[in-house]
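Dropping target-v8.pdb in here (PDB, C-alpha atoms):
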ATOM      1  CA  MET A  24       4.511 -10.318  20.289
ATOM      2  CA  THR A  25       3.348  -6.699  20.300
ATOM      3  CA  LEU A  26       4.049  -4.350  17.412
ATOM      4  CA  ASP A  27       6.623  -2.444  19.473
ATOM      5  CA  GLU A  28       8.386  -5.712  20.357
ATOM      6  CA  MET A  29       8.402  -6.698  16.684
ATOM      7  CA  ILE A  30       9.918  -3.349  15.704
ATOM      8  CA  MET A  31      12.629  -3.706  18.347
ATOM      9  CA  SER A  32      13.348  -7.265  17.168
ATOM     10  CA  ILE A  33      13.729  -6.021  13.583
ATOM     11  CA  ILE A  34      16.112  -3.233  14.554
ATOM     12  CA  GLU A  35      18.130  -5.404  16.949
ATOM     13  CA  GLY A  36      18.225  -8.285  14.448
ATOM     14  CA  MET A  37      19.478  -5.994  11.707
ATOM     15  CA  GLU A  38      22.097  -4.536  14.043
ATOM     16  CA  LYS A  39      23.411  -8.049  14.723
ATOM     17  CA  HIS A  40      23.209  -8.939  11.018
ATOM     18  CA  LEU A  41      25.218  -5.868  10.007
ATOM     19  CA  ASP A  42      27.596  -6.430  12.930
ATOM     20  CA  GLY A  43      28.297  -2.719  13.269
ATOM     21  CA  TYR A  44      29.946  -2.458   9.859
ATOM     22  CA  TYR A  45      29.173   0.200   7.272
ATOM     23  CA  VAL A  46      27.764  -1.370   4.132
ATOM     24  CA  ASP A  47      26.879   0.104   0.756
ATOM     25  CA  GLU A  48      23.562  -1.726   0.690
ATOM     26  CA  VAL A  49      21.589  -3.307   3.485
ATOM     27  CA  THR A  50      20.535  -6.917   3.000
ATOM     28  CA  PHE A  51      17.763  -8.545   4.989
ATOM     29  CA  PRO A  52      18.033 -12.069   6.415
ATOM     30  CA  ASP A  53      14.974 -14.248   5.739
ATOM     31  CA  GLU A  54      13.847 -14.237   9.389
ATOM     32  CA  ILE A  55      13.969 -10.421   9.448
ATOM     33  CA  LYS A  56      12.025 -10.243   6.179
ATOM     34  CA  GLU A  57       9.296 -12.386   7.728
ATOM     35  CA  LEU A  58       9.185 -10.163  10.792
ATOM     36  CA  ILE A  59       9.051  -7.025   8.630
ATOM     37  CA  HIS A  60       6.102  -8.433   6.651
ATOM     38  CA  GLU A  61       4.302  -9.451   9.854
ATOM     39  CA  ALA A  62       4.924  -6.072  11.523
ATOM     40  CA  ALA A  63       3.902  -4.254   8.333
ATOM     41  CA  ASP A  64       0.557  -6.056   8.375
ATOM     42  CA  LYS A  65      -0.021  -4.806  11.930
ATOM     43  CA  CYS A  66       1.113  -1.293  10.967
ATOM     44  CA  ARG A  67      -1.413  -1.238   8.121
ATOM     45  CA  GLN A  68      -4.177  -1.638  10.717
ATOM     46  CA  THR A  69      -3.183   1.438  12.737
ATOM     47  CA  GLY A  70      -5.150   4.645  12.483
ATOM     48  CA  LEU A  71      -1.955   6.554  11.742
ATOM     49  CA  TYR A  72      -1.236   4.429   8.675
ATOM     50  CA  LEU A  73      -4.847   4.413   7.481
ATOM     51  CA  ASN A  74      -5.085   8.194   7.771
ATOM     52  CA  THR A  75      -1.808   8.941   5.967
ATOM     53  CA  LYS A  76      -1.280   6.117   3.447
ATOM     54  CA  ASN A  77      -2.404   8.321   0.559
ATOM     55  CA  ASP A  78       0.072  11.077   1.458
ATOM     56  CA  VAL A  79       3.241   9.003   0.990
ATOM     57  CA  PRO A  80       5.801  10.625  -1.350
ATOM     58  CA  GLU A  81       6.219   8.756  -4.637
ATOM     59  CA  GLU A  82       9.928   8.097  -4.034
ATOM     60  CA  PHE A  83       9.004   6.172  -0.880
ATOM     61  CA  LYS A  84       6.438   4.078  -2.770
ATOM     62  CA  THR A  85       9.020   2.998  -5.350
ATOM     63  CA  GLY A  86      12.232   3.095  -3.288
ATOM     64  CA  LYS A  87      14.635   0.258  -2.603
ATOM     65  CA  ALA A  88      14.077  -1.641   0.644
ATOM     66  CA  SER A  89      17.631  -0.939   1.839
ATOM     67  CA  ASP A  90      17.276   2.806   1.222
ATOM     68  CA  LEU A  91      13.889   2.911   2.933
ATOM     69  CA  TYR A  92      15.253   1.018   5.948
ATOM     70  CA  ILE A  93      18.120   3.484   6.322
ATOM     71  CA  GLU A  94      15.677   6.386   5.891
ATOM     72  CA  MET A  95      13.511   4.905   8.646
ATOM     73  CA  LEU A  96      16.483   4.666  10.998
ATOM     74  CA  VAL A  97      17.571   8.253  10.271
ATOM     75  CA  LYS A  98      14.053   9.628  10.721
ATOM     76  CA  THR A  99      13.587   7.621  13.914
ATOM     77  CA  ALA A 100      16.916   8.756  15.357
ATOM     78  CA  ASN A 101      16.174  12.394  14.531
ATOM     79  CA  ALA A 102      12.570  12.331  15.718
ATOM     80  CA  PRO A 103      11.895  15.075  18.275
ATOM     81  CA  THR A 104       9.769  12.809  20.492
ATOM     82  CA  PHE A 105       9.103   9.122  21.099
ATOM     83  CA  LEU A 106       5.674   9.594  19.515
ATOM     84  CA  HIS A 107       7.293  10.808  16.275
ATOM     85  CA  ALA A 108       9.787   7.917  16.345
ATOM     86  CA  ALA A 109       7.032   5.346  16.874
ATOM     87  CA  GLY A 110       4.974   6.911  14.100
ATOM     88  CA  THR A 111       7.909   6.795  11.704
ATOM     89  CA  THR A 112       8.335   3.046  12.071
ATOM     90  CA  ARG A 113       4.598   2.463  11.663
ATOM     91  CA  LEU A 114       4.565   4.423   8.428
ATOM     92  CA  MET A 115       7.841   3.111   6.989
ATOM     93  CA  LEU A 116       7.625  -0.634   7.687
ATOM     94  CA  PRO A 117       4.759  -1.217   5.215
ATOM     95  CA  LEU A 118       6.801   0.609   2.559
ATOM     96  CA  ILE A 119       9.863  -1.499   3.347
ATOM     97  CA  SER A 120       7.757  -4.668   3.218
ATOM     98  CA  ASP A 121       6.321  -3.690  -0.173
ATOM     99  CA  ALA A 122       9.812  -2.918  -1.480
ATOM    100  CA  ILE A 123      11.152  -6.297  -0.331
ATOM    101  CA  LYS A 124       8.278  -8.036  -2.120
ATOM    102  CA  ARG A 125       8.924  -6.006  -5.317
ATOM    103  CA  GLU A 126      12.625  -6.818  -5.235
ATOM    104  CA  GLU A 127      11.992 -10.549  -4.804
ATOM    105  CA  LEU A 128       9.939 -10.770  -8.016
TER
END

As C-alpha coordinates, how would this structure be written, given the file I've shared?
Amino acid sequence: MTLDEMIMSIIEGMEKHLDGYYVDEVTFPDEIKELIHEAADKCRQTGLYLNTKNDVPEEFKTGKASDLYIEMLVKTANAPTFLHAAGTTRLMLPLISDAIKREEL
(Lines of atoms letter the chains of each structure in order from A and count residues from 1; the text may use other names and numbers.)
(Lines give C-alpha, C1' and ligand atoms only; values in the text may rest on other atoms or scores of the structure.)
Protein backbone atom coordinates (compact mmCIF):
# COMPACT_ATOMS: atom_id res chain seq x y z
CA MET A 1 0.00 0.00 0.00
CA THR A 2 1.41 3.41 -0.92
CA LEU A 3 1.64 6.23 1.60
CA ASP A 4 -1.21 8.10 -0.10
CA GLU A 5 -3.39 4.97 0.04
CA MET A 6 -2.56 4.56 3.73
CA ILE A 7 -3.51 8.18 4.43
CA MET A 8 -6.82 7.75 2.60
CA SER A 9 -7.50 4.52 4.52
CA ILE A 10 -6.87 6.33 7.82
CA ILE A 11 -9.19 9.20 6.97
CA GLU A 12 -11.91 6.95 5.53
CA GLY A 13 -11.60 4.52 8.45
CA MET A 14 -11.94 7.33 10.96
CA GLU A 15 -14.94 8.72 9.09
CA LYS A 16 -16.65 5.33 9.36
CA HIS A 17 -15.60 4.99 13.01
CA LEU A 18 -17.04 8.39 13.91
CA ASP A 19 -20.11 7.69 11.78
CA GLY A 20 -20.58 11.36 10.97
CA TYR A 21 -21.29 12.33 14.57
CA TYR A 22 -19.68 15.23 16.39
CA VAL A 23 -17.66 14.00 19.34
CA ASP A 24 -15.84 15.85 22.10
CA GLU A 25 -12.77 13.66 21.71
CA VAL A 26 -11.69 11.45 18.85
CA THR A 27 -10.84 7.86 19.70
CA PHE A 28 -8.80 5.63 17.43
CA PRO A 29 -9.69 1.99 16.75
CA ASP A 30 -6.74 -0.41 17.06
CA GLU A 31 -6.57 -1.09 13.30
CA ILE A 32 -6.40 2.66 12.60
CA LYS A 33 -3.69 3.10 15.24
CA GLU A 34 -1.62 0.43 13.50
CA LEU A 35 -2.11 2.14 10.15
CA ILE A 36 -1.19 5.53 11.64
CA HIS A 37 2.04 4.09 13.08
CA GLU A 38 2.89 2.40 9.78
CA ALA A 39 2.14 5.54 7.73
CA ALA A 40 4.07 7.68 10.22
CA ASP A 41 7.15 5.50 9.71
CA LYS A 42 6.91 6.13 5.96
CA CYS A 43 6.34 9.85 6.53
CA ARG A 44 9.49 10.03 8.65
CA GLN A 45 11.47 8.92 5.59
CA THR A 46 10.25 11.75 3.35
CA GLY A 47 12.47 14.70 2.57
CA LEU A 48 9.72 17.07 3.69
CA TYR A 49 9.63 15.53 7.17
CA LEU A 50 13.41 15.26 7.46
CA ASN A 51 13.87 18.90 6.47
CA THR A 52 11.22 20.30 8.83
CA LYS A 53 11.12 17.97 11.86
CA ASN A 54 13.11 20.44 13.97
CA ASP A 55 10.71 23.30 13.21
CA VAL A 56 7.61 21.71 14.76
CA PRO A 57 5.85 23.97 17.32
CA GLU A 58 6.13 22.68 20.89
CA GLU A 59 2.35 22.38 21.30
CA PHE A 60 2.29 19.91 18.40
CA LYS A 61 5.08 17.83 19.97
CA THR A 62 3.15 17.47 23.24
CA GLY A 63 -0.46 17.64 22.00
CA LYS A 64 -3.17 15.04 22.41
CA ALA A 65 -3.60 12.62 19.51
CA SER A 66 -7.27 13.55 19.08
CA ASP A 67 -6.48 17.28 18.93
CA LEU A 68 -3.64 16.72 16.48
CA TYR A 69 -5.86 14.57 14.25
CA ILE A 70 -8.52 17.28 14.13
CA GLU A 71 -5.83 19.90 13.46
CA MET A 72 -4.55 17.77 10.58
CA LEU A 73 -8.03 17.54 9.07
CA VAL A 74 -8.61 21.30 9.39
CA LYS A 75 -5.22 22.16 7.89
CA THR A 76 -5.73 19.65 5.08
CA ALA A 77 -9.22 20.94 4.28
CA ASN A 78 -8.01 24.55 4.26
CA ALA A 79 -4.83 23.88 2.29
CA PRO A 80 -4.61 26.11 -0.79
CA THR A 81 -3.29 23.29 -3.01
CA PHE A 82 -3.10 19.50 -3.11
CA LEU A 83 0.65 19.80 -2.48
CA HIS A 84 0.00 21.67 0.79
CA ALA A 85 -2.66 19.12 1.81
CA ALA A 86 -0.33 16.19 1.11
CA GLY A 87 2.47 17.89 3.00
CA THR A 88 0.23 18.49 6.00
CA THR A 89 -0.56 14.81 6.41
CA ARG A 90 3.10 13.85 6.03
CA LEU A 91 4.10 16.26 8.77
CA MET A 92 1.19 15.58 11.14
CA LEU A 93 0.93 11.77 11.08
CA PRO A 94 4.27 11.23 12.87
CA LEU A 95 3.11 13.67 15.57
CA ILE A 96 -0.20 11.85 15.91
CA SER A 97 1.61 8.50 16.09
CA ASP A 98 3.92 9.80 18.83
CA ALA A 99 0.95 11.17 20.76
CA ILE A 100 -0.90 7.85 20.57
CA LYS A 101 2.18 6.06 21.91
CA ARG A 102 2.52 8.62 24.76
CA GLU A 103 -1.13 8.25 25.69
CA GLU A 104 -0.92 4.45 25.79
CA LEU A 105 1.85 4.47 28.42

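Proximity of A:Leu114, A:Leu58, A:Ala100, A:Cys66 to A:Asp78, computed with only C-alpha atoms, is greatest for A:Leu114.
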
Can you spell out as an MDAnalysis selection string the set of residues that the PyMOL selection byres ((chain A and resi 52) around 12) selects in the structure I just provided?
chainID A and resid 33 36:41 49:51 53:59 123

Shortest interatomic distance to A:Val97 - which of A:Ser120, A:Thr111, A:Ser32, A:Lys76, counting all atoms listed in the file
A:Thr111

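Between atom CA of A:Leu96 and atom CA of A:Gly110 lies a distance of 12.1 Å.
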
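Shortest atom-to-atom contact with A:Ala88 among A:Leu118, A:Ala102, A:Met29, A:Ala63: A:Leu118, counting all atoms listed in the file.
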
Excluding A:Ala109 and residues on its chain fewer than 3 positions from it, collect all residues at most 12 Å away from it, counting all atoms listed in the file, and give them as an MDAnalysis selection string.
chainID A and resid 26:28 30:31 66 69 71:72 95:96 98:106 112:116

One decimal, in Å: what's the spacing between atom CA of A:Ser89 and atom CA of A:Glu48?
6.1 Å

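Atom CA of A:Asn74 is found 23.7 Å from atom CA of A:Ile93.
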
For A:Tyr92, which residue among A:Leu128, A:Ile119, A:Ala62, A:Met24 is the nearest when counting all atoms listed in the file?
A:Ile119

Shell around A:Ala122 at 8 Å using only C-alpha atoms, local window under 6 positions removed, as number ranges by chain
A: 84-88
